[in-house]
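Source file: final-v6.cif; contents: mmCIF, C-alpha atoms and all ligand atoms.
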```cif
data_upload
loop_
_atom_site.group_PDB
_atom_site.id
_atom_site.type_symbol
_atom_site.label_atom_id
_atom_site.label_comp_id
_atom_site.auth_asym_id
_atom_site.auth_seq_id
_atom_site.Cartn_x
_atom_site.Cartn_y
_atom_site.Cartn_z
ATOM 1 C CA MET A 212 53.410 64.433 36.514
ATOM 2 C CA GLU A 213 53.103 65.659 40.036
ATOM 3 C CA ILE A 214 54.545 62.358 41.309
ATOM 4 C CA MET A 215 57.385 62.493 38.805
ATOM 5 C CA LYS A 216 58.278 66.050 39.830
ATOM 6 C CA ARG A 217 58.313 65.025 43.427
ATOM 7 C CA SER A 218 60.528 62.046 42.721
ATOM 8 C CA ILE A 219 62.974 64.233 40.777
ATOM 9 C CA LEU A 220 62.985 66.739 43.598
ATOM 10 C CA THR A 221 63.514 63.961 46.121
ATOM 11 C CA LYS A 222 66.384 62.576 44.058
ATOM 12 C CA LEU A 223 67.898 66.032 43.786
ATOM 13 C CA PHE A 224 67.559 66.529 47.513
ATOM 14 C CA VAL A 225 69.116 63.150 48.295
ATOM 15 C CA THR A 226 72.000 63.872 45.915
ATOM 16 C CA LEU A 227 72.588 67.286 47.434
ATOM 17 C CA ALA A 228 72.404 65.881 50.953
ATOM 18 C CA SER A 229 74.870 63.102 50.173
ATOM 19 C CA LEU A 230 77.193 65.626 48.526
ATOM 20 C CA LEU A 231 77.043 67.775 51.648
ATOM 21 C CA VAL A 232 77.730 64.749 53.838
ATOM 22 C CA ALA A 233 80.643 63.755 51.609
ATOM 23 C CA PHE A 234 81.998 67.303 51.672
ATOM 24 C CA GLY A 235 81.606 67.470 55.435
ATOM 25 C CA ALA A 236 83.367 64.142 55.831
ATOM 26 C CA THR A 237 86.196 65.325 53.583
ATOM 27 C CA ALA A 238 86.519 68.572 55.518
ATOM 28 C CA ARG A 239 86.800 66.642 58.773
ATOM 29 C CA LYS A 240 89.166 63.989 57.487
ATOM 30 C CA PRO A 241 91.830 63.500 60.151
ATOM 31 C CA VAL A 242 95.398 64.518 59.353
ATOM 32 C CA LYS A 243 97.874 61.648 59.167
ATOM 33 C CA ALA A 244 100.466 61.762 61.935
ATOM 34 C CA LEU A 245 103.417 59.523 62.762
ATOM 35 C CA ILE A 246 104.893 59.072 66.231
ATOM 36 C CA VAL A 247 108.525 57.936 66.176
ATOM 37 C CA THR A 248 109.543 56.069 69.319
ATOM 38 C CA GLY A 249 110.962 52.771 70.587
ATOM 39 C CA GLN A 250 113.916 54.009 72.649
ATOM 40 C CA ASN A 251 113.951 56.627 75.350
ATOM 41 C CA ASN A 252 115.356 57.192 78.821
ATOM 42 C CA HIS A 253 111.675 57.829 79.557
ATOM 43 C CA ASN A 254 108.607 55.616 79.686
ATOM 44 C CA TRP A 255 107.977 55.661 75.929
ATOM 45 C CA GLN A 256 105.797 52.542 76.241
ATOM 46 C CA VAL A 257 103.207 54.777 77.924
ATOM 47 C CA SER A 258 103.946 58.192 76.414
ATOM 48 C CA HIS A 259 103.499 57.215 72.759
ATOM 49 C CA VAL A 260 100.072 55.705 73.521
ATOM 50 C CA VAL A 261 99.061 58.786 75.499
ATOM 51 C CA ILE A 262 100.126 61.103 72.675
ATOM 52 C CA LYS A 263 98.243 58.969 70.139
ATOM 53 C CA ASP A 264 95.128 59.128 72.305
ATOM 54 C CA ILE A 265 95.388 62.890 72.792
ATOM 55 C CA LEU A 266 95.805 63.416 69.036
ATOM 56 C CA GLU A 267 93.078 60.982 67.978
ATOM 57 C CA ASN A 268 90.547 61.910 70.680
ATOM 58 C CA SER A 269 90.596 65.431 69.254
ATOM 59 C CA GLY A 270 89.242 64.108 65.961
ATOM 60 C CA LEU A 271 91.962 66.060 64.149
ATOM 61 C CA PHE A 272 94.527 63.304 63.621
ATOM 62 C CA SER A 273 94.918 59.649 62.790
ATOM 63 C CA VAL A 274 98.135 58.249 64.190
ATOM 64 C CA ASP A 275 100.622 55.585 63.113
ATOM 65 C CA PHE A 276 103.739 54.502 64.985
ATOM 66 C CA ALA A 277 107.304 53.934 63.856
ATOM 67 C CA ILE A 278 108.812 51.851 66.672
ATOM 68 C CA SER A 279 112.548 51.275 66.525
ATOM 69 C CA PRO A 280 114.405 48.169 67.672
ATOM 70 C CA GLU A 281 115.458 48.181 71.318
ATOM 71 C CA LYS A 282 118.589 50.006 72.422
ATOM 72 C CA GLY A 283 121.740 48.217 71.333
ATOM 73 C CA GLN A 284 119.956 46.142 68.697
ATOM 74 C CA ASP A 285 120.620 46.257 64.967
ATOM 75 C CA MET A 286 119.098 49.517 63.675
ATOM 76 C CA SER A 287 119.814 48.908 59.981
ATOM 77 C CA GLY A 288 116.235 47.800 59.260
ATOM 78 C CA PHE A 289 114.670 50.885 60.845
ATOM 79 C CA ILE A 290 113.875 52.659 57.584
ATOM 80 C CA VAL A 291 111.032 55.132 58.069
ATOM 81 C CA ASP A 292 108.852 56.595 55.320
ATOM 82 C CA PHE A 293 107.816 60.072 56.467
ATOM 83 C CA THR A 294 106.220 61.106 53.166
ATOM 84 C CA PRO A 295 102.586 60.035 53.892
ATOM 85 C CA TYR A 296 102.463 62.271 56.983
ATOM 86 C CA LYS A 297 101.657 65.907 57.640
ATOM 87 C CA LEU A 298 102.945 65.561 61.179
ATOM 88 C CA VAL A 299 105.837 63.690 62.769
ATOM 89 C CA VAL A 300 105.943 63.579 66.575
ATOM 90 C CA LEU A 301 109.373 62.789 68.007
ATOM 91 C CA ASP A 302 109.196 60.691 71.186
ATOM 92 C CA TYR A 303 112.617 59.117 70.681
ATOM 93 C CA ASN A 304 115.892 59.412 72.561
ATOM 94 C CA GLY A 305 118.280 56.627 71.687
ATOM 95 C CA ASP A 306 120.633 54.977 69.227
ATOM 96 C CA ASN A 307 121.399 56.603 65.899
ATOM 97 C CA TRP A 308 118.971 55.953 63.077
ATOM 98 C CA PRO A 309 120.352 54.484 59.863
ATOM 99 C CA GLN A 310 121.707 57.129 57.478
ATOM 100 C CA GLU A 311 118.780 56.501 55.101
ATOM 101 C CA THR A 312 116.225 57.419 57.795
ATOM 102 C CA MET A 313 118.243 60.465 58.861
ATOM 103 C CA THR A 314 118.383 61.696 55.251
ATOM 104 C CA ARG A 315 114.658 61.057 54.770
ATOM 105 C CA PHE A 316 113.840 62.986 57.941
ATOM 106 C CA GLU A 317 115.988 65.948 56.867
ATOM 107 C CA ASP A 318 114.208 65.889 53.479
ATOM 108 C CA TYR A 319 110.815 65.741 55.189
ATOM 109 C CA ALA A 320 111.702 68.827 57.237
ATOM 110 C CA ALA A 321 113.282 70.706 54.341
ATOM 111 C CA LYS A 322 110.175 70.181 52.183
ATOM 112 C CA GLY A 323 107.954 71.825 54.801
ATOM 113 C CA GLY A 324 107.010 68.909 57.042
ATOM 114 C CA GLY A 325 105.250 69.410 60.352
ATOM 115 C CA ILE A 326 107.171 68.289 63.425
ATOM 116 C CA VAL A 327 106.522 68.143 67.154
ATOM 117 C CA VAL A 328 109.593 67.775 69.366
ATOM 118 C CA TYR A 329 108.320 66.276 72.620
ATOM 119 C CA HIS A 330 110.195 66.391 75.959
ATOM 120 C CA ALA A 331 113.307 64.143 75.900
ATOM 121 C CA ALA A 332 113.397 63.974 72.088
ATOM 122 C CA ASP A 333 115.577 67.074 72.459
ATOM 123 C CA ASN A 334 118.153 64.955 74.306
ATOM 124 C CA SER A 335 118.707 62.717 71.309
ATOM 125 C CA PHE A 336 121.370 62.736 68.600
ATOM 126 C CA PRO A 337 123.901 65.248 70.048
ATOM 127 C CA GLY A 338 126.157 64.726 67.022
ATOM 128 C CA TRP A 339 123.549 65.213 64.274
ATOM 129 C CA ALA A 340 123.753 68.886 63.275
ATOM 130 C CA ALA A 341 120.470 69.073 61.322
ATOM 131 C CA TYR A 342 118.559 67.383 64.140
ATOM 132 C CA ASN A 343 119.921 69.881 66.644
ATOM 133 C CA ARG A 344 118.695 72.696 64.391
ATOM 134 C CA ILE A 345 115.285 71.029 64.186
ATOM 135 C CA CYS A 346 115.140 71.080 68.019
ATOM 136 C CA ALA A 347 116.891 74.484 68.379
ATOM 137 C CA LEU A 348 117.690 73.654 72.013
ATOM 138 C CA GLY A 349 118.754 70.368 73.555
ATOM 139 C CA GLY A 350 120.341 68.916 76.623
ATOM 140 C CA TRP A 351 122.323 66.088 78.212
ATOM 141 C CA GLU A 352 124.214 63.439 76.192
ATOM 142 C CA GLY A 353 127.478 65.360 76.535
ATOM 143 C CA ARG A 354 126.158 68.693 75.290
ATOM 144 C CA ASP A 355 128.289 71.693 76.257
ATOM 145 C CA GLU A 356 129.319 75.045 74.734
ATOM 146 C CA ASN A 357 130.135 73.260 71.468
ATOM 147 C CA ALA A 358 126.405 72.566 71.048
ATOM 148 C CA GLY A 359 125.622 76.311 71.012
ATOM 149 C CA PRO A 360 124.650 78.950 73.539
ATOM 150 C CA TYR A 361 122.343 78.700 76.511
ATOM 151 C CA ALA A 362 119.078 80.499 75.873
ATOM 152 C CA TYR A 363 116.845 82.040 78.536
ATOM 153 C CA TRP A 364 114.439 84.913 78.997
ATOM 154 C CA TYR A 365 116.061 87.960 80.543
ATOM 155 C CA GLY A 366 115.357 91.687 80.284
ATOM 156 C CA GLY A 367 112.388 91.180 77.979
ATOM 157 C CA GLU A 368 114.155 89.033 75.398
ATOM 158 C CA LEU A 369 115.555 85.591 74.699
ATOM 159 C CA VAL A 370 119.207 85.969 75.673
ATOM 160 C CA LYS A 371 121.787 83.702 74.057
ATOM 161 C CA ASP A 372 124.673 83.062 76.396
ATOM 162 C CA ALA A 373 127.807 81.333 75.101
ATOM 163 C CA SER A 374 129.386 80.727 78.518
ATOM 164 C CA PRO A 375 130.900 77.274 78.903
ATOM 165 C CA GLY A 376 129.107 74.522 80.792
ATOM 166 C CA THR A 377 126.986 71.454 80.430
ATOM 167 C CA GLY A 378 123.666 71.639 78.623
ATOM 168 C CA GLY A 379 120.482 70.314 80.191
ATOM 169 C CA SER A 380 119.363 69.738 83.759
ATOM 170 C CA HIS A 381 116.255 70.000 85.862
ATOM 171 C CA GLY A 382 115.348 70.283 89.510
ATOM 172 C CA ARG A 383 112.760 68.190 91.250
ATOM 173 C CA ARG A 384 109.313 67.863 89.770
ATOM 174 C CA HIS A 385 106.830 70.496 90.890
ATOM 175 C CA GLU A 386 103.874 72.572 89.730
ATOM 176 C CA TYR A 387 104.828 75.777 87.964
ATOM 177 C CA MET A 388 103.438 78.785 86.130
ATOM 178 C CA MET A 389 103.697 79.125 82.355
ATOM 179 C CA ASN A 390 104.350 82.675 81.130
ATOM 180 C CA ALA A 391 103.446 83.687 77.564
ATOM 181 C CA ARG A 392 106.073 85.569 75.531
ATOM 182 C CA ASP A 393 104.774 85.700 71.935
ATOM 183 C CA ASN A 394 101.052 85.757 72.615
ATOM 184 C CA GLU A 395 100.260 86.729 69.010
ATOM 185 C CA HIS A 396 101.310 83.336 67.673
ATOM 186 C CA PRO A 397 98.277 81.250 66.595
ATOM 187 C CA ILE A 398 99.290 78.352 68.859
ATOM 188 C CA ILE A 399 98.749 80.425 71.985
ATOM 189 C CA ARG A 400 96.878 83.554 70.827
ATOM 190 C CA GLU A 401 93.654 82.546 72.564
ATOM 191 C CA LEU A 402 95.290 81.000 75.612
ATOM 192 C CA PRO A 403 95.886 82.785 78.913
ATOM 193 C CA ASN A 404 99.182 84.582 79.373
ATOM 194 C CA ARG A 405 99.701 82.751 82.633
ATOM 195 C CA TRP A 406 98.490 79.263 83.499
ATOM 196 C CA ALA A 407 99.463 76.750 86.122
ATOM 197 C CA HIS A 408 100.999 73.495 84.921
ATOM 198 C CA ALA A 409 100.726 70.186 86.817
ATOM 199 C CA SER A 410 103.768 68.702 88.513
ATOM 200 C CA ASP A 411 106.432 68.176 85.859
ATOM 201 C CA GLU A 412 110.127 68.492 85.191
ATOM 202 C CA LEU A 413 111.228 72.002 84.273
ATOM 203 C CA TYR A 414 114.094 71.664 81.805
ATOM 204 C CA ASP A 415 116.831 74.238 82.394
ATOM 205 C CA ARG A 416 120.244 75.217 81.031
ATOM 206 C CA MET A 417 119.303 73.870 77.602
ATOM 207 C CA ARG A 418 121.645 74.853 74.786
ATOM 208 C CA GLY A 419 121.931 74.427 71.048
ATOM 209 C CA PRO A 420 121.797 76.404 67.799
ATOM 210 C CA ALA A 421 119.008 78.405 69.521
ATOM 211 C CA ASN A 422 117.242 79.115 66.195
ATOM 212 C CA VAL A 423 113.988 79.790 68.020
ATOM 213 C CA ALA A 424 111.364 81.369 65.742
ATOM 214 C CA SER A 425 108.591 82.267 68.217
ATOM 215 C CA LEU A 426 109.097 81.853 71.927
ATOM 216 C CA LEU A 427 105.658 80.850 73.209
ATOM 217 C CA TYR A 428 106.006 80.094 76.927
ATOM 218 C CA THR A 429 108.735 80.300 79.538
ATOM 219 C CA ALA A 430 108.682 79.277 83.195
ATOM 220 C CA TYR A 431 110.778 80.367 86.137
ATOM 221 C CA SER A 432 113.181 77.679 87.246
ATOM 222 C CA ASP A 433 113.481 78.362 90.964
ATOM 223 C CA THR A 434 116.725 77.488 92.733
ATOM 224 C CA ALA A 435 114.493 76.441 95.664
ATOM 225 C CA THR A 436 113.389 73.425 93.617
ATOM 226 C CA GLY A 437 116.925 72.745 92.339
ATOM 227 C CA GLY A 438 116.585 74.881 89.209
ATOM 228 C CA SER A 439 118.711 77.452 87.395
ATOM 229 C CA GLY A 440 117.252 80.672 88.775
ATOM 230 C CA ARG A 441 116.383 81.614 85.187
ATOM 231 C CA GLU A 442 113.222 82.036 83.183
ATOM 232 C CA GLU A 443 113.557 79.018 80.889
ATOM 233 C CA PRO A 444 112.122 78.644 77.353
ATOM 234 C CA LEU A 445 109.859 75.585 77.478
ATOM 235 C CA MET A 446 107.657 75.948 74.420
ATOM 236 C CA PHE A 447 108.541 77.519 71.089
ATOM 237 C CA THR A 448 108.560 77.181 67.316
ATOM 238 C CA VAL A 449 111.775 76.670 65.380
ATOM 239 C CA GLU A 450 113.236 78.412 62.345
ATOM 240 C CA TYR A 451 114.257 75.632 59.967
ATOM 241 C CA GLY A 452 113.738 76.126 56.223
ATOM 242 C CA LYS A 453 110.124 75.523 55.242
ATOM 243 C CA ALA A 454 109.429 73.179 58.175
ATOM 244 C CA ARG A 455 106.845 74.013 60.826
ATOM 245 C CA ILE A 456 108.273 72.823 64.126
ATOM 246 C CA PHE A 457 106.659 72.982 67.550
ATOM 247 C CA HIS A 458 108.926 72.106 70.479
ATOM 248 C CA THR A 459 107.438 71.401 73.911
ATOM 249 C CA MET A 460 109.708 70.447 76.786
ATOM 250 C CA LEU A 461 106.697 69.596 78.976
ATOM 251 C CA GLY A 462 105.173 66.204 79.645
ATOM 252 C CA HIS A 463 107.554 63.977 81.622
ATOM 253 C CA CYS A 464 105.789 60.612 81.440
ATOM 254 C CA GLY A 465 104.693 58.966 84.682
ATOM 255 C CA PRO A 466 104.882 55.264 85.553
ATOM 256 C CA THR A 467 101.492 54.342 84.067
ATOM 257 C CA TYR A 468 98.766 55.639 81.765
ATOM 258 C CA THR A 469 96.694 56.704 84.754
ATOM 259 C CA ASP A 470 99.532 57.868 87.056
ATOM 260 C CA ASN A 471 100.855 60.540 84.738
ATOM 261 C CA ALA A 472 100.179 64.054 86.082
ATOM 262 C CA ALA A 473 102.280 66.066 83.628
ATOM 263 C CA MET A 474 100.597 64.497 80.593
ATOM 264 C CA GLN A 475 97.155 64.509 82.223
ATOM 265 C CA CYS A 476 97.415 68.290 82.618
ATOM 266 C CA THR A 477 94.869 69.918 80.305
ATOM 267 C CA GLY A 478 97.416 72.649 79.578
ATOM 268 C CA PHE A 479 99.939 70.108 78.322
ATOM 269 C CA GLN A 480 97.344 68.363 76.172
ATOM 270 C CA VAL A 481 95.819 71.479 74.647
ATOM 271 C CA THR A 482 99.155 73.118 73.848
ATOM 272 C CA LEU A 483 100.346 69.832 72.319
ATOM 273 C CA LEU A 484 97.198 69.663 70.173
ATOM 274 C CA ARG A 485 97.400 73.295 69.103
ATOM 275 C CA GLY A 486 101.119 72.969 68.336
ATOM 276 C CA ALA A 487 100.426 69.774 66.396
ATOM 277 C CA GLU A 488 97.609 71.363 64.377
ATOM 278 C CA TRP A 489 99.764 74.372 63.560
ATOM 279 C CA ALA A 490 102.741 72.187 62.592
ATOM 280 C CA ALA A 491 100.550 70.017 60.366
ATOM 281 C CA THR A 492 98.427 72.718 58.709
ATOM 282 C CA GLY A 493 99.874 76.153 59.457
ATOM 283 C CA LYS A 494 96.633 77.127 61.193
ATOM 284 C CA VAL A 495 94.954 76.590 64.535
ATOM 285 C CA LYS A 496 91.191 76.205 64.197
ATOM 286 C CA GLN A 497 90.406 74.292 67.393
ATOM 287 C CA LYS A 498 88.578 76.172 70.096
ATOM 288 C CA VAL A 499 90.050 76.728 73.538
ATOM 289 C CA PRO A 500 88.209 74.299 75.829
ATOM 290 C CA ALA A 501 86.382 75.514 78.921
ATOM 291 C CA ASP A 502 88.635 73.413 81.143
ATOM 292 C CA PHE A 503 91.885 75.108 80.099
ATOM 293 C CA PRO A 504 93.868 75.918 83.266
ATOM 294 C CA THR A 505 94.159 79.397 84.689
ATOM 295 C CA SER A 506 96.761 81.043 86.886
ATOM 296 C CA THR A 507 94.862 79.763 89.927
ATOM 297 C CA PHE A 508 93.576 76.368 88.775
ATOM 298 C CA ILE A 509 95.427 73.368 87.403
ATOM 299 C CA THR A 510 93.054 71.128 85.447
ATOM 300 C CA TYR A 511 93.419 67.470 84.524
ATOM 301 C CA ARG A 512 91.942 65.158 81.923
ATOM 302 C CA HIS A 513 92.723 61.813 83.472
ATOM 303 C CA ASP A 514 91.392 59.981 80.423
ATOM 304 C CA TYR A 515 93.065 62.329 77.869
ATOM 305 C CA LYS A 516 89.658 63.382 76.581
ATOM 306 C CA ASP A 517 87.656 66.540 76.796
ATOM 307 C CA SER A 518 85.173 64.832 79.058
ATOM 308 C CA ARG A 519 86.136 65.089 82.696
ATOM 309 C CA ILE A 520 87.023 68.351 84.315
ATOM 310 C CA VAL A 521 89.079 67.995 87.445
ATOM 311 C CA LYS A 522 90.310 71.158 89.059
ATOM 312 C CA LYS A 523 92.827 71.707 91.755
ATOM 313 C CA ASN A 524 94.093 74.899 93.342
ATOM 314 C CA ALA A 525 97.493 75.889 92.016
ATOM 315 C CA HIS A 526 100.162 76.503 94.605
ATOM 316 C CA LYS A 527 100.461 80.199 95.204
ATOM 317 C CA LYS A 528 103.945 81.631 94.753
HETATM 318 ZN ZN ZN B 1 111.639 63.743 81.773
#
```
Represent the structure of the file as structure tokens.
Ligand code: ZN
Amino acid sequence: MEIMKRSILTKLFVTLASLLVAFGATARKPVKALIVTGQNNHNWQVSHVVIKDILENSGLFSVDFAISPEKGQDMSGFIVDFTPYKLVVLDYNGDNWPQETMTRFEDYAAKGGGIVVYHAADNSFPGWAAYNRICALGGWEGRDENAGPYAYWYGGELVKDASPGTGGSHGRRHEYMMNARDNEHPIIRELPNRWAHASDELYDRMRGPANVASLLYTAYSDTATGGSGREEPLMFTVEYGKARIFHTMLGHCGPTYTDNAAMQCTGFQVTLLRGAEWAATGKVKQKVPADFPTSTFITYRHDYKDSRIVKKNAHKK
């Protein structure tokens, strides 16, 4: 009897334990993400792998790729199914997608899809109205006042300026300070109001529908480095139906996986991850890592993992 009781108890314990393990595993199941790439005026061959590694190393995401044909090739077979994904990361700047893929992407957004607009993705598709609303701000590719106003931080608000002129430029790459604007938003609530970013392009004079929902970070584009002399919006969420869209203009990709300062910046990686989690789930549960940069230290994760802390004094301004 005693033995039987024990065996029942053991069975019960084993069942409970396996249930807990199963529940735990379910709770930690990575979110499915898709990176769309294959054409870019940037080094997409490196950037899409880096973004995959950042997302997957966090344990929060599992990543697939949709890689288009090369520029100038027949695009008609590039039909993308967005429906299995909670997150679509745009690392694409190139030829028009087939109408079917454009329609599917608009549907994905309209039904509440999560989207990350990364760096030069906001250069793409100047003639696609819905895409330009998904980005809110864009540049280059012939954009001018017809694309929408310039938007920049001035007098304590995001000013929209309809003056004529080309959209999109940047000065030379340099280290710069990120300045929080909506520090109540979950993506940046726990992050410092000011942190130093590794050497990167600083997009300026961007223009578009400017349907910015929450302006997260701006940075001052100094004329001394060839910039606009304005405080430029570099990271924000976008108002677009039920979609959750995080747009980061940071992260100009370097020549190789290991020579890639802007993407090796811990600040770039953590904001990308937090923006991605918010876009995919509506919440940000990840903790701020101890190596997040400050206003005096730039930090790097050369291997895109939370494993090596490399600090460097930020240039004082
Ligand atoms: Zn760039």
Straight-line distance linking CA of Lys496 (chain A) with CA of Thr482 (chain A), stated in Å to one decimal
12.9 Å
Carefully work through the PyMOL selection byres (((chain A and resi 410-415) around 7) and not hetatm) for this structure and note down the residues it includes, as a tab-separated table (two decimals) with C-alpha atoms, in the frame of the given file.
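Final file, part32.tsv:
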```
chain	number	residue	atom	x	y	z
A	379	GLY	CA	120.48	70.31	80.19
A	380	SER	CA	119.36	69.74	83.76
A	381	HIS	CA	116.26	70.00	85.86
A	382	GLY	CA	115.35	70.28	89.51
A	383	ARG	CA	112.76	68.19	91.25
A	384	ARG	CA	109.31	67.86	89.77
A	385	HIS	CA	106.83	70.50	90.89
A	386	GLU	CA	103.87	72.57	89.73
A	408	HIS	CA	101.00	73.50	84.92
A	409	ALA	CA	100.73	70.19	86.82
A	416	ARG	CA	120.24	75.22	81.03
A	417	MET	CA	119.30	73.87	77.60
A	432	SER	CA	113.18	77.68	87.25
A	438	GLY	CA	116.58	74.88	89.21
A	439	SER	CA	118.71	77.45	87.40
A	443	GLU	CA	113.56	79.02	80.89
A	460	MET	CA	109.71	70.45	76.79
A	462	GLY	CA	105.17	66.20	79.64
A	463	HIS	CA	107.55	63.98	81.62
A	472	ALA	CA	100.18	64.05	86.08
A	473	ALA	CA	102.28	66.07	83.63
```
Adding 3 Å on each side of the box along x, y and z that holds all listed atoms of region 432-443 of chain A, could you give its centre and edge lengths in Å to one decimal, as lines of an AutoDock Vina configuration file?
```
center_x = 115.9
center_y = 77.4
center_z = 88.3
size_x = 11.5
size_y = 15.3
size_z = 20.8
```
To test your reading of the syntax: which residues would the PyMOL selection byres (((chain A and resi 296) around 8) and not hetatm) return for the file shown? Reply as JSON, numbers by chain.
{"A": [242, 243, 244, 245, 293, 294, 295, 297, 298, 299]}
Suppose you want the space between CA of Asp285 (chain A) and CA of Leu301 (chain A); what is it in Å?
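Pair CA of Asp285 (chain A) / CA of Leu301 (chain A) returns 20.2 Å.
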Identify which of the residues A:Met446, A:Tyr361, A:Asp433, A:Ile345 lies closest to Gly323 (chain A), counting all atoms listed in the file when measuring atom-to-atom distances.
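Smallest distance to Gly323 (chain A) is found for A:Ile345.
Take the candidates A:Leu445, A:Ala391, A:Ile398, A:Met474 and check each one against Lys498 (chain A) using all atoms listed in the file; the shortest distance goes to A:Ile398.
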Could you tell me which residues the PyMOL selection byres (((chain A and resi 337) around 9) and not hetatm) returns for this structure, as a list in words?
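After applying the PyMOL selection byres (((chain A and resi 337) around 9) and not hetatm), what remains is Asp333, Asn334, Ser335, Phe336, Gly338, Trp339, Ala340, Tyr342, Asn343, Gly349, Gly350, Trp351, Glu352, Gly353, Arg354 and Ala358 of chain A.
Straight-line separation from CA of Ser506 (chain A) to CA of Ala430 (chain A): 12.6 Å.
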Using only C-alpha atoms, which protein or nucleic acid residues come within 9 Å of Ala424 (chain A)? Drop anything in the same chain fewer than 4 positions from it, and give the result as an NGL selection string.
:A and (447-451)
Would you mind exporting the chosen residues as a compact mmCIF listing (two decimals), in the coordinates of the input, restricted to C-alpha atoms?
```
# COMPACT_ATOMS: atom_id res chain seq x y z
CA PHE A 447 108.54 77.52 71.09
CA THR A 448 108.56 77.18 67.32
CA VAL A 449 111.78 76.67 65.38
CA GLU A 450 113.24 78.41 62.34
CA TYR A 451 114.26 75.63 59.97
```
Out of A:Ala407, A:Val274, A:Ala487, A:Ala331, which residue has the shortest atom-to-atom distance to ligand ZN 1 (chain B) when counting only C-alpha atoms and all ligand atoms?
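Nearest candidate to ligand ZN 1 (chain B) out of A:Ala407, A:Val274, A:Ala487, A:Ala331: A:Ala331.
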Excluding same-chain residues fewer than 3 positions from Lys371 (chain A), what lies within 10 Å of it counting only C-alpha atoms, as a short mmCIF file (atom, residue, chain, number, x, y, z; two decimals) with C-alpha atoms, in the frame of the given file?
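File produced: out.cif:
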```cif
data_model
loop_
_atom_site.label_atom_id
_atom_site.label_comp_id
_atom_site.auth_asym_id
_atom_site.auth_seq_id
_atom_site.Cartn_x
_atom_site.Cartn_y
_atom_site.Cartn_z
CA GLY A 359 125.62 76.31 71.01
CA PRO A 360 124.65 78.95 73.54
CA TYR A 361 122.34 78.70 76.51
CA ALA A 362 119.08 80.50 75.87
CA TYR A 363 116.84 82.04 78.54
CA TRP A 364 114.44 84.91 79.00
CA TYR A 365 116.06 87.96 80.54
CA GLU A 368 114.16 89.03 75.40
CA SER A 374 129.39 80.73 78.52
CA ARG A 418 121.64 74.85 74.79
CA GLY A 419 121.93 74.43 71.05
CA PRO A 420 121.80 76.40 67.80
CA ALA A 421 119.01 78.40 69.52
#
```
Taking (117.0, 48.8, 61.9) in the file's own coordinates, collect the residues within 9 Å, counting all atoms listed in the file, and hand them back as a ChimeraX atom specification.
/A:279-280,284-290,308-309
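Nearest to ligand ZN 1 (chain B) of all the residues A:Leu402, A:Leu348, A:Leu271, A:Cys464 is A:Cys464, counting all atoms listed in the file.
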Region 251-266 of chain A environment, 9 Å, all atoms listed in the file, sequence neighbours closer than 4 positions dropped, as a PyMOL selection string:
chain A and resi 244+246-247+270-276+282+300+302-305+331-332+335+462-468+474+480-481+483-484+487+514-516
Which is closest to ligand ZN 1 (chain B) among A:Thr434, A:Thr459, A:Thr469, A:Thr377, if we use all atoms listed in the file?
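Using all atoms listed in the file, the shortest distance to ligand ZN 1 (chain B) belongs to A:Thr459.
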